[in-house]
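Participant: This is the content of start_14.cif (mmCIF, C-alpha atoms):
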```
data_model
#
loop_
_atom_site.label_atom_id
_atom_site.label_comp_id
_atom_site.auth_asym_id
_atom_site.auth_seq_id
_atom_site.Cartn_x
_atom_site.Cartn_y
_atom_site.Cartn_z
CA MET X 8 0.60 -1.16 30.24
CA SER X 9 -0.32 -3.35 27.33
CA THR X 10 1.12 -3.16 23.88
CA LEU X 11 -0.35 -4.47 20.67
CA VAL X 12 2.13 -5.79 18.13
CA VAL X 13 0.71 -6.16 14.63
CA TYR X 14 2.92 -8.40 12.54
CA CYS X 15 2.43 -8.92 8.83
CA HIS X 16 4.69 -11.19 6.79
CA PRO X 17 3.86 -14.44 5.01
CA VAL X 18 7.16 -16.27 5.62
CA PRO X 19 8.00 -17.45 9.17
CA GLU X 20 11.76 -17.67 8.53
CA SER X 21 12.02 -14.12 7.14
CA PHE X 22 13.98 -11.24 8.64
CA VAL X 23 10.71 -9.45 9.37
CA ALA X 24 9.69 -12.45 11.52
CA ALA X 25 12.96 -12.07 13.43
CA MET X 26 12.14 -8.39 13.89
CA ALA X 27 8.73 -9.28 15.32
CA ALA X 28 10.27 -11.84 17.70
CA ARG X 29 12.76 -9.26 18.94
CA VAL X 30 9.99 -6.68 19.38
CA VAL X 31 7.95 -9.08 21.53
CA ASP X 32 11.01 -10.08 23.61
CA SER X 33 12.05 -6.48 24.21
CA LEU X 34 8.58 -5.46 25.27
CA SER X 35 8.22 -8.44 27.62
CA ALA X 36 11.59 -7.69 29.17
CA ALA X 37 10.47 -4.11 29.75
CA GLY X 38 7.24 -5.32 31.35
CA ALA X 39 4.96 -3.93 28.64
CA GLU X 40 2.77 -7.03 28.22
CA PRO X 41 2.92 -7.40 24.44
CA ARG X 42 0.09 -9.00 22.59
CA LEU X 43 0.99 -10.27 19.13
CA LEU X 44 -1.47 -10.19 16.25
CA ASP X 45 -0.12 -12.21 13.35
CA LEU X 46 -2.32 -11.28 10.41
CA TYR X 47 -1.31 -14.32 8.34
CA THR X 48 -1.81 -17.01 10.98
CA ASP X 49 -5.01 -15.31 12.14
CA GLY X 50 -6.32 -15.80 8.61
CA PHE X 51 -7.07 -12.11 8.15
CA SER X 52 -8.36 -11.20 4.70
CA PRO X 53 -7.40 -7.80 3.31
CA THR X 54 -10.67 -7.39 1.43
CA GLY X 55 -13.32 -9.19 3.46
CA ALA X 56 -12.15 -10.32 6.88
CA ASP X 57 -14.42 -12.23 9.20
CA ALA X 58 -16.57 -9.78 11.21
CA SER X 59 -15.78 -11.48 14.53
CA LEU X 60 -12.05 -11.31 13.78
CA VAL X 61 -12.30 -7.61 12.95
CA ALA X 62 -14.20 -7.02 16.22
CA ALA X 63 -11.58 -8.96 18.21
CA HIS X 64 -8.77 -6.90 16.65
CA GLN X 65 -10.66 -3.69 17.36
CA GLU X 66 -11.12 -4.69 20.97
CA ALA X 67 -7.40 -5.46 21.33
CA LEU X 68 -6.50 -2.13 19.71
CA GLY X 69 -8.89 -0.18 21.92
CA ALA X 70 -7.34 -1.69 25.06
CA ALA X 71 -3.71 -1.08 24.07
CA ASN X 72 -1.45 1.70 25.35
CA GLY X 73 1.07 1.17 22.60
CA LEU X 74 0.84 0.01 19.01
CA VAL X 75 3.86 -1.51 17.25
CA LEU X 76 3.62 -2.31 13.55
CA VAL X 77 6.07 -4.83 12.14
CA TYR X 78 5.94 -5.24 8.36
CA PRO X 79 8.02 -5.17 5.18
CA THR X 80 7.74 -2.01 3.09
CA TRP X 81 6.76 -3.11 -0.41
CA TRP X 82 6.44 -0.58 -3.21
CA SER X 83 7.18 2.16 -0.68
CA GLY X 84 3.99 1.42 1.26
CA LEU X 85 2.24 -1.03 3.53
CA PRO X 86 1.68 -4.55 2.17
CA ALA X 87 -1.87 -5.12 0.88
CA MET X 88 -2.62 -7.24 3.94
CA LEU X 89 -1.80 -4.43 6.37
CA ALA X 90 -3.52 -1.84 4.16
CA GLY X 91 -6.64 -4.00 4.39
CA TRP X 92 -6.23 -4.25 8.16
CA PHE X 93 -6.15 -0.46 8.42
CA GLU X 94 -9.15 -0.07 6.18
CA GLN X 95 -11.28 -2.62 7.99
CA VAL X 96 -10.10 -2.51 11.61
CA VAL X 97 -8.83 1.04 12.10
CA ALA X 98 -10.82 3.13 9.62
CA GLY X 99 -14.05 2.51 11.49
CA GLY X 100 -15.21 -0.37 9.36
CA SER X 101 -15.26 -0.48 5.61
CA SER X 102 -18.95 0.30 5.27
CA PRO X 103 -18.66 2.56 2.25
CA ARG X 104 -21.78 4.52 3.08
CA ALA X 105 -20.56 5.92 6.41
CA SER X 106 -19.55 9.53 6.07
CA SER X 107 -15.94 10.48 6.38
CA PRO X 108 -16.31 12.55 9.63
CA ASP X 109 -18.15 9.62 11.27
CA ARG X 110 -15.38 7.25 10.37
CA THR X 111 -12.74 9.66 11.60
CA ALA X 112 -14.55 9.89 14.95
CA ALA X 113 -14.74 6.08 15.19
CA THR X 114 -11.00 5.83 14.50
CA ARG X 115 -10.23 8.44 17.17
CA ASP X 116 -12.22 6.44 19.73
CA LEU X 117 -10.37 3.29 18.82
CA LEU X 118 -6.95 4.91 19.20
CA ALA X 119 -7.82 6.95 22.29
CA ASN X 120 -5.62 4.96 24.70
CA LEU X 121 -2.43 5.05 22.67
CA ASP X 122 0.67 6.57 24.25
CA TYR X 123 2.91 5.69 21.36
CA LEU X 124 2.92 4.28 17.87
CA ALA X 125 6.11 2.54 16.78
CA VAL X 126 6.83 1.36 13.25
CA VAL X 127 9.42 -1.38 12.72
CA THR X 128 9.79 -1.92 8.99
CA SER X 129 12.32 -3.10 6.44
CA HIS X 130 13.00 -1.57 3.02
CA GLY X 131 14.70 -3.53 0.25
CA SER X 132 16.17 -0.45 -1.39
CA PRO X 133 18.40 2.31 0.03
CA LYS X 134 17.01 5.38 1.74
CA ILE X 135 17.66 7.60 -1.27
CA VAL X 136 15.51 5.38 -3.51
CA ASN X 137 12.72 5.37 -0.95
CA ALA X 138 12.90 9.14 -0.68
CA THR X 139 12.50 9.34 -4.47
CA GLN X 140 9.59 6.94 -4.28
CA GLY X 141 7.88 9.18 -1.77
CA GLU X 142 7.87 6.95 1.34
CA ALA X 143 4.13 6.35 0.97
CA GLY X 144 3.92 4.15 4.08
CA LEU X 145 5.67 6.70 6.29
CA HIS X 146 3.40 9.48 5.05
CA PHE X 147 0.27 7.41 5.49
CA LEU X 148 1.12 6.62 9.11
CA ARG X 149 2.43 10.06 9.98
CA ARG X 150 -0.18 12.12 8.18
CA SER X 151 -3.30 9.99 8.29
CA VAL X 152 -3.02 7.69 11.32
CA ARG X 153 -0.92 9.63 13.81
CA PRO X 154 -3.17 12.76 13.75
CA LEU X 155 -6.10 10.60 14.90
CA CYS X 156 -4.17 9.38 17.96
CA PRO X 157 -4.27 11.42 21.18
CA ARG X 158 -2.09 14.50 21.38
CA ARG X 159 0.38 12.85 23.78
CA CYS X 160 0.96 9.95 21.40
CA ARG X 161 4.32 10.00 19.60
CA MET X 162 5.22 8.12 16.48
CA HIS X 163 8.57 6.33 16.28
CA TRP X 164 9.90 5.36 12.89
CA ILE X 165 12.45 2.56 13.35
CA ALA X 166 13.27 1.53 9.81
CA PHE X 167 15.85 -0.67 8.14
CA TYR X 168 16.98 0.37 4.66
CA SER X 169 18.91 -1.45 1.90
CA SER X 170 17.97 -4.89 3.18
CA ASP X 171 18.60 -6.35 -0.31
CA ARG X 172 22.31 -5.63 0.11
CA SER X 173 22.59 -5.98 3.87
CA THR X 174 25.09 -8.09 5.80
CA VAL X 175 24.40 -10.28 8.82
CA GLU X 176 26.16 -7.73 11.05
CA GLN X 177 23.96 -4.90 9.78
CA ARG X 178 20.83 -6.91 10.42
CA GLN X 179 22.01 -7.83 13.88
CA ALA X 180 22.79 -4.19 14.62
CA TYR X 181 19.33 -3.21 13.47
CA LEU X 182 17.68 -5.75 15.78
CA ASP X 183 19.71 -4.33 18.66
CA ARG X 184 18.57 -0.84 17.72
CA VAL X 185 14.94 -2.03 17.71
CA GLU X 186 15.44 -3.48 21.18
CA ARG X 187 17.02 -0.28 22.56
CA ARG X 188 14.31 1.94 21.14
CA LEU X 189 11.45 -0.22 22.40
CA ARG X 190 12.88 -0.65 25.87
CA ARG X 191 13.05 3.10 26.15
CA LEU X 192 9.43 3.40 25.04
CA ALA X 193 7.82 0.70 27.11
CA MET P 30 -1.49 5.97 -32.86
CA THR P 31 -2.54 2.66 -31.47
CA VAL P 32 -1.26 1.93 -28.02
CA ARG P 33 -1.29 -1.40 -26.23
CA VAL P 34 -3.01 -0.60 -22.96
CA VAL P 35 -3.25 -2.75 -19.86
CA LEU P 36 -6.25 -1.62 -17.85
CA VAL P 37 -6.17 -2.72 -14.20
CA LEU P 38 -9.58 -2.54 -12.55
CA ALA P 39 -9.01 -3.03 -8.88
CA ASP P 40 -12.33 -2.81 -7.13
CA ASP P 41 -15.96 -3.76 -7.32
CA PRO P 42 -17.35 -2.35 -10.59
CA ALA P 43 -20.64 -1.59 -8.81
CA ALA P 44 -18.76 0.55 -6.32
CA HIS P 45 -17.23 2.54 -9.15
CA GLY P 46 -20.65 4.09 -9.61
CA ASP P 47 -22.34 5.11 -12.85
CA GLY P 48 -20.25 2.80 -14.95
CA LEU P 49 -16.81 4.32 -14.53
CA ARG P 50 -15.52 1.08 -15.92
CA ARG P 51 -17.59 1.45 -19.08
CA THR P 52 -16.47 5.07 -19.49
CA VAL P 53 -12.83 4.06 -19.35
CA GLU P 54 -13.25 1.08 -21.66
CA ALA P 55 -15.30 3.07 -24.16
CA GLY P 56 -12.71 5.86 -24.10
CA LEU P 57 -9.93 3.41 -24.83
CA ILE P 58 -11.84 1.74 -27.67
CA ALA P 59 -12.75 5.14 -29.15
CA GLY P 60 -9.06 5.96 -29.20
CA GLY P 61 -8.46 2.76 -31.17
CA HIS P 62 -6.24 1.28 -28.49
CA VAL P 63 -5.68 -2.41 -27.99
CA THR P 64 -6.91 -2.97 -24.45
CA ASP P 65 -6.12 -5.87 -22.17
CA VAL P 66 -8.33 -5.77 -19.08
CA ILE P 67 -7.11 -7.17 -15.77
CA ASP P 68 -10.15 -7.27 -13.51
CA LEU P 69 -9.00 -8.00 -9.97
CA HIS P 70 -12.50 -8.13 -8.59
CA ALA P 71 -13.96 -10.66 -11.02
CA GLY P 72 -11.40 -13.44 -10.67
CA ASP P 73 -10.19 -15.19 -7.54
CA PHE P 74 -7.33 -12.73 -7.03
CA ASP P 75 -6.00 -12.66 -3.47
CA PRO P 76 -4.33 -9.31 -2.65
CA ALA P 77 -2.20 -10.72 0.16
CA MET P 78 1.23 -11.98 -0.84
CA SER P 79 1.20 -15.70 -0.07
CA THR P 80 3.89 -17.72 1.67
CA ALA P 81 4.71 -19.65 -1.51
CA GLY P 82 4.72 -16.44 -3.55
CA ARG P 83 7.14 -14.74 -1.17
CA ARG P 84 9.42 -17.77 -1.00
CA ALA P 85 9.59 -17.77 -4.82
CA TYR P 86 10.18 -13.99 -4.90
CA HIS P 87 13.92 -14.12 -5.56
CA SER P 88 13.90 -17.45 -7.37
CA GLY P 89 13.70 -16.12 -10.93
CA GLN P 90 10.27 -17.74 -11.36
CA PRO P 91 8.31 -15.54 -8.98
CA LEU P 92 4.77 -15.79 -10.38
CA VAL P 93 4.03 -19.26 -9.05
CA GLU P 94 0.38 -18.88 -8.22
CA PRO P 95 -2.42 -19.38 -10.73
CA ASP P 96 -4.18 -16.08 -9.94
CA VAL P 97 -1.16 -13.98 -10.96
CA ALA P 98 0.66 -16.37 -13.34
CA ASP P 99 -0.31 -14.61 -16.57
CA PHE P 100 0.01 -11.02 -15.26
CA GLY P 101 3.77 -10.96 -15.94
CA PRO P 102 3.72 -11.32 -19.73
CA ARG P 103 0.62 -9.14 -19.94
CA VAL P 104 2.12 -6.11 -18.17
CA ARG P 105 5.43 -6.58 -19.97
CA ALA P 106 3.63 -6.27 -23.31
CA ALA P 107 2.02 -2.98 -22.29
CA GLU P 108 2.85 0.45 -23.68
CA ALA P 109 0.48 2.16 -21.27
CA LEU P 110 -0.83 1.23 -17.84
CA VAL P 111 -4.20 2.49 -16.63
CA PHE P 112 -5.07 1.87 -12.98
CA VAL P 113 -8.64 2.33 -11.76
CA TYR P 114 -9.30 1.98 -8.05
CA ARG P 115 -11.45 3.14 -5.20
CA ALA P 116 -9.88 4.03 -1.87
CA GLY P 117 -11.50 4.05 1.54
CA TRP P 118 -8.68 5.90 3.31
CA THR P 119 -5.74 7.93 2.05
CA GLY P 120 -3.79 5.01 0.58
CA LEU P 121 -4.45 2.53 -2.18
CA SER P 122 -7.25 0.03 -1.92
CA PRO P 123 -5.90 -3.34 -0.71
CA ARG P 124 -6.65 -4.95 -4.09
CA MET P 125 -4.70 -2.30 -5.97
CA LYS P 126 -1.79 -2.59 -3.55
CA GLY P 127 -1.95 -6.38 -3.76
CA PHE P 128 -1.60 -6.15 -7.53
CA MET P 129 1.58 -4.10 -7.08
CA ASP P 130 2.99 -6.39 -4.39
CA ARG P 131 2.35 -9.60 -6.27
CA THR P 132 2.84 -8.63 -9.93
CA PHE P 133 5.72 -6.15 -9.96
CA VAL P 134 8.19 -8.67 -8.58
CA PRO P 135 11.83 -9.24 -9.61
CA GLY P 136 11.97 -10.39 -13.22
CA VAL P 137 8.68 -8.69 -14.09
CA GLY P 138 8.52 -5.15 -12.72
CA PHE P 139 12.22 -4.78 -12.15
CA HIS P 140 15.51 -6.63 -12.01
CA LEU P 141 17.84 -6.71 -9.08
CA VAL P 142 21.43 -6.67 -10.25
CA ASP P 143 23.89 -6.73 -7.33
CA GLY P 144 21.11 -5.37 -5.15
CA LYS P 145 20.47 -2.47 -7.52
CA LEU P 146 17.13 -1.79 -9.10
CA GLN P 147 16.83 -1.93 -12.89
CA ARG P 148 13.73 -1.05 -14.87
CA GLY P 149 11.55 -4.01 -15.81
CA LEU P 150 8.94 -2.26 -17.95
CA PRO P 151 10.91 -0.02 -20.34
CA GLY P 152 8.13 -0.31 -22.93
CA VAL P 153 5.63 1.58 -20.79
CA ARG P 154 5.45 5.23 -21.86
CA ARG P 155 2.14 6.29 -20.33
CA VAL P 156 0.74 5.74 -16.83
CA VAL P 157 -2.73 6.86 -15.84
CA ALA P 158 -4.19 6.47 -12.35
CA VAL P 159 -7.93 6.98 -11.96
CA ALA P 160 -8.95 7.17 -8.32
CA MET P 161 -12.30 7.44 -6.60
CA HIS P 162 -11.70 8.59 -3.08
CA GLU P 163 -14.29 8.25 -0.35
CA ARG P 164 -12.44 10.90 1.64
CA SER P 165 -12.47 14.61 0.92
CA ARG P 166 -9.83 16.47 -1.06
CA ARG P 167 -8.73 18.17 2.15
CA GLU P 168 -8.23 14.88 3.97
CA MET P 169 -6.35 13.44 1.01
CA SER P 170 -3.94 16.34 0.81
CA ARG P 171 -3.37 16.32 4.55
CA GLY P 172 -2.69 12.58 4.32
CA ARG P 173 -0.27 13.18 1.40
CA ASP P 174 -2.22 10.77 -0.83
CA SER P 175 0.08 7.79 -0.49
CA GLY P 176 -1.76 5.94 -3.27
CA ARG P 177 -0.76 8.59 -5.75
CA ARG P 178 2.82 8.39 -4.50
CA ILE P 179 2.92 4.65 -5.11
CA LEU P 180 1.26 4.62 -8.53
CA LEU P 181 3.12 7.61 -9.93
CA ARG P 182 6.41 8.14 -8.10
CA THR P 183 7.26 4.54 -7.34
CA VAL P 184 6.13 3.16 -10.68
CA ARG P 185 8.18 5.86 -12.43
CA LEU P 186 11.31 4.01 -11.35
CA ILE P 187 10.45 0.85 -13.30
CA VAL P 188 8.88 2.16 -16.52
CA ASN P 189 10.47 4.00 -19.44
CA PRO P 190 12.44 7.02 -18.15
CA ARG P 191 10.51 9.24 -20.57
CA CYS P 192 7.14 7.91 -19.43
CA ARG P 193 4.45 10.54 -18.88
CA GLN P 194 1.82 10.31 -16.21
CA ARG P 195 -1.64 11.54 -15.36
CA TYR P 196 -3.68 11.33 -12.18
CA VAL P 197 -7.45 11.76 -12.31
CA ALA P 198 -9.24 11.75 -8.99
CA LEU P 199 -12.77 12.16 -7.72
CA PHE P 200 -13.21 13.00 -4.04
CA GLU P 201 -16.04 12.21 -1.64
CA ALA P 202 -17.35 9.47 -3.93
CA PRO P 203 -20.05 8.40 -4.44
CA ALA P 204 -21.88 11.27 -2.72
CA GLY P 205 -19.73 14.05 -4.22
CA ALA P 206 -21.26 17.06 -5.93
CA ALA P 207 -22.61 16.63 -9.45
CA ALA P 208 -20.38 19.43 -10.72
CA ALA P 209 -17.29 17.70 -9.37
CA ARG P 210 -18.41 14.51 -11.03
CA ARG P 211 -18.82 16.28 -14.38
CA ARG P 212 -15.36 17.84 -14.08
CA PHE P 213 -13.96 14.41 -13.26
CA ASP P 214 -15.65 12.82 -16.29
CA LYS P 215 -14.38 15.55 -18.58
CA ARG P 216 -10.86 15.25 -17.29
CA LEU P 217 -11.03 11.48 -17.65
CA ASP P 218 -12.16 11.81 -21.29
CA ARG P 219 -9.34 14.24 -22.04
CA THR P 220 -6.83 11.96 -20.36
CA LEU P 221 -7.95 8.92 -22.34
CA GLU P 222 -7.72 10.95 -25.55
CA TRP P 223 -4.21 12.06 -24.57
CA LEU P 224 -3.15 8.42 -24.39
#
```
Starting from the coordinates I provided, produce the structure as structure tokens.
Facilitator:
Amino acid sequence: MSTLVVYCHPVPESFVAAMAARVVDSLSAAGAEPRLLDLYTDGFSPTGADASLVAAHQEALGAANGLVLVYPTWWSGLPAMLAGWFEQVVAGGSSPRASSPDRTAATRDLLANLDYLAVVTSHGSPKIVNATQGEAGLHFLRRSVRPLCPRRCRMHWIAFYSSDRSTVEQRQAYLDRVERRLRRLA
Amino acid sequence: MTVRVVLVLADDPAAHGDGLRRTVEAGLIAGGHVTDVIDLHAGDFDPAMSTAGRRAYHSGQPLVEPDVADFGPRVRAAEALVFVYRAGWTGLSPRMKGFMDRTFVPGVGFHLVDGKLQRGLPGVRRVVAVAMHERSRREMSRGRDSGRRILLRTVRLIVNPRCRQRYVALFEAPAGAAAARRRFDKRLDRTLEWL
């Protein structure tokens, strides 16, 4: 079992960084061999990433049994960096001339080994505000990415809401929840 | 009525095909609107939120980097926002999303008072999103068009409560059928007149 953890946040002392650290620890403890891709330290570019870097990420994704995304939800969706990662790495390359069915097939091949997709993300605002905003990130992953994974693959949405008004205890409790959920998965 | 419009062009103008950019600009000028163009492709705009930018996020002076420094006053002066982008999958293009992430920060797009969101752009009464999708209409509706959700539903929370919105989309660009393209152009013209 190998698990790919894609982490996207610019600040190393952020709560999202703590989430990523806990994800990696939980997976290691469960024997799931996590591999961490840190999009910022890897120098990934959302609009024109290095071709060799894209190929390396695609190889890692193709070999993984599990994919865990760790990112902050900004404006109800994925950060631009992660959106660019999906467009270039997952969507079968960003060559604009490739037809849409071809790209869908390429994405299916890339995700063919996945047993689960877990999303660990923080929201600044409360759940009700995000529901009003339309939860664009959740819908993108559930409606566009998940259907291209194998049938057996399940998506797990492990989200933290109201982080702008959260207390230390709430954040700690959330990290524990992340650990419990991932240990069960791995 | 003259409207102060901020036009955000997210992606490569060549990729917009057949001068979409010119169509939009000409439409705005014909309507006699004062147009301020933010071209994210031409400058050295980096869509990814930077470490310094994120650290300054809650500081009260969030637009610390030169590539976004003047976006704050420009969007605050707007009465209408027009977004033009091209999407490869069912979300926003990374440049368009980067503009949202980095420009609509506390103190510009909204204010956080005791952790509660308050509108930052009460002067904006019109929002138009013009999208060129490489994917088909069917794929977009199955994917719930998260770009549309962000530009219309999320932005609605920070602009004037009586703001009205339009979404004009072309699917399967640039190959799409000529008839679809004509319908798109017509709808775009009508929308720009409506502004």
Participant: Residues picked by the PyMOL selection byres ((chain P) within 9 of (chain X)) here, as a ChimeraX atom specification?
Facilitator: /P:44,75-84,117-130,133,141,143-146,163-165,168-169,171-179,181-186,201,203-204
Participant: Please report the interatomic distance between CA of Ala198 (chain P) and CA of Leu69 (chain P) in Å with one decimal.
Facilitator: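 Computed distance, CA of Ala198 (chain P) to CA of Leu69 (chain P), equals 19.8 Å.
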Participant: Tell me which protein, DNA and RNA residues are within 10 Å of Glu54 (chain P), counting only C-alpha atoms, leaving out same-chain ones fewer than 3 positions away, and put them as number ranges by chain.
Facilitator: P: 36, 48-51, 57-60, 62, 64-66, 221
Participant: Excluding same-chain residues fewer than 4 positions from region 207-212 of chain P, what lies within 12 Å of it counting all atoms listed in the file, as number ranges by chain?
Facilitator: P: 46-47, 49, 161-162, 165-166, 197-203, 216-219
Participant: For CA of Val153 (chain P) and CA of Glu108 (chain P), determine how far apart the two atoms are, in Å to one decimal place.
Facilitator: 4.2 Å
Participant: Record the distance separating CA of Trp164 (chain X) and CA of Phe22 (chain X), expressed in Å with one decimal.
Facilitator: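 Computing the Euclidean distance for CA of Trp164 (chain X) and CA of Phe22 (chain X) yields 17.6 Å.
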Participant: Please give the centre and size of the box around region 155-170 of chain X (axis-aligned, containing every atom listed in the file, 5 Å added per side), with values in Å to one decimal and written as AutoDock Vina command-line options.
Facilitator:
```
--center_x 6.4 --center_y 4.8 --center_z 12.8 --size_x 35.0 --size_y 29.4 --size_z 31.9
```
Participant: Give me the residues within 7 Å of Asn189 (chain P) as a list in words, counting only C-alpha atoms and dropping any in the same chain fewer than 2 places off.
Facilitator: Leu150, Pro151, Gly152, Val153, Arg154, Ile187, Arg191 and Cys192 of chain P
Participant: Those same residues, written as a PDB file, in the coordinates of the input with C-alpha atoms?
Facilitator:
```
ATOM      1  CA  LEU P 150       8.940  -2.260 -17.950  1.00  0.00           C
ATOM      2  CA  PRO P 151      10.910  -0.020 -20.340  1.00  0.00           C
ATOM      3  CA  GLY P 152       8.130  -0.310 -22.930  1.00  0.00           C
ATOM      4  CA  VAL P 153       5.630   1.580 -20.790  1.00  0.00           C
ATOM      5  CA  ARG P 154       5.450   5.230 -21.860  1.00  0.00           C
ATOM      6  CA  ILE P 187      10.450   0.850 -13.300  1.00  0.00           C
ATOM      7  CA  ARG P 191      10.510   9.240 -20.570  1.00  0.00           C
ATOM      8  CA  CYS P 192       7.140   7.910 -19.430  1.00  0.00           C
TER       9      CYS P 192
END
```
Participant: I'd like to see the residues matched by the PyMOL selection byres ((chain X and resi 122-129) around 9) on this file, and ideally I'd get them as a VMD selection string.
Facilitator: chain X and resid 22 to 23 26 to 27 30 71 to 81 119 to 121 130 to 131 145 148 153 156 to 170 185 189 192
Participant: Measuring atom to atom with all atoms listed in the file, identify which of P:Ile67, P:Val113, P:Val188, P:Val104 is nearest to Val157 (chain P).
Facilitator: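 Answer, going by the shortest atom-to-atom distance: P:Val113.
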Participant: Given the point (5.7, -8.2, 21.7) in the file's coordinates, find the residues that have an atom at most 7 Å from it, counting only C-alpha atoms, and give them as a VMD selection string.
Facilitator: chain X and resid 12 30 to 32 34 to 35 41 to 43
Participant: Using all atoms listed in the file, pick whichever of X:Leu60, X:Val13, X:Ala113, X:Ala25 has the shortest atom-to-atom distance to Arg178 (chain X).
Facilitator: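 Checking each candidate against Arg178 (chain X), we get X:Ala25 as the closest.
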Participant: Running the PyMOL selection byres ((chain P and resi 110) around 6) on this model by hand, what would come out? Give it as a list in words.
Facilitator: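 Output from the PyMOL selection byres ((chain P and resi 110) around 6), applied to this file: Val34, Val35, Ala109, Val111 and Val156 of chain P.
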Participant: Could you take the residues named above and write them with C-alpha atoms, as a PDB file, keeping the file's coordinate frame?
Facilitator:
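File produced: part.pdb:
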```pdb
ATOM      1  CA  VAL P  34      -3.010  -0.600 -22.960  1.00  0.00           C
ATOM      2  CA  VAL P  35      -3.250  -2.750 -19.860  1.00  0.00           C
ATOM      3  CA  ALA P 109       0.480   2.160 -21.270  1.00  0.00           C
ATOM      4  CA  VAL P 111      -4.200   2.490 -16.630  1.00  0.00           C
ATOM      5  CA  VAL P 156       0.740   5.740 -16.830  1.00  0.00           C
TER       6      VAL P 156
END
```
Participant: Mind checking which residues fall within 7 Å of Gly136 (chain P), counting all atoms listed in the file, ignoring those fewer than 2 positions away in the same chain, and posting them as a PyMOL selection string?
Facilitator: chain P and resi 89+134+138-140+149
Participant: Closest to Val53 (chain P) among P:Leu92, P:Arg33, P:Gln147, P:Leu38, using all atoms listed in the file?
Facilitator: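 Of P:Leu92, P:Arg33, P:Gln147, P:Leu38, the one nearest Val53 (chain P), counting all atoms listed in the file, is P:Leu38.
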Participant: So, with all atoms listed in the file as the atoms that count, which of P:Leu224, P:Val142, P:Ala98, P:Ala71 lies closest to Arg155 (chain P)?
Facilitator: P:Leu224
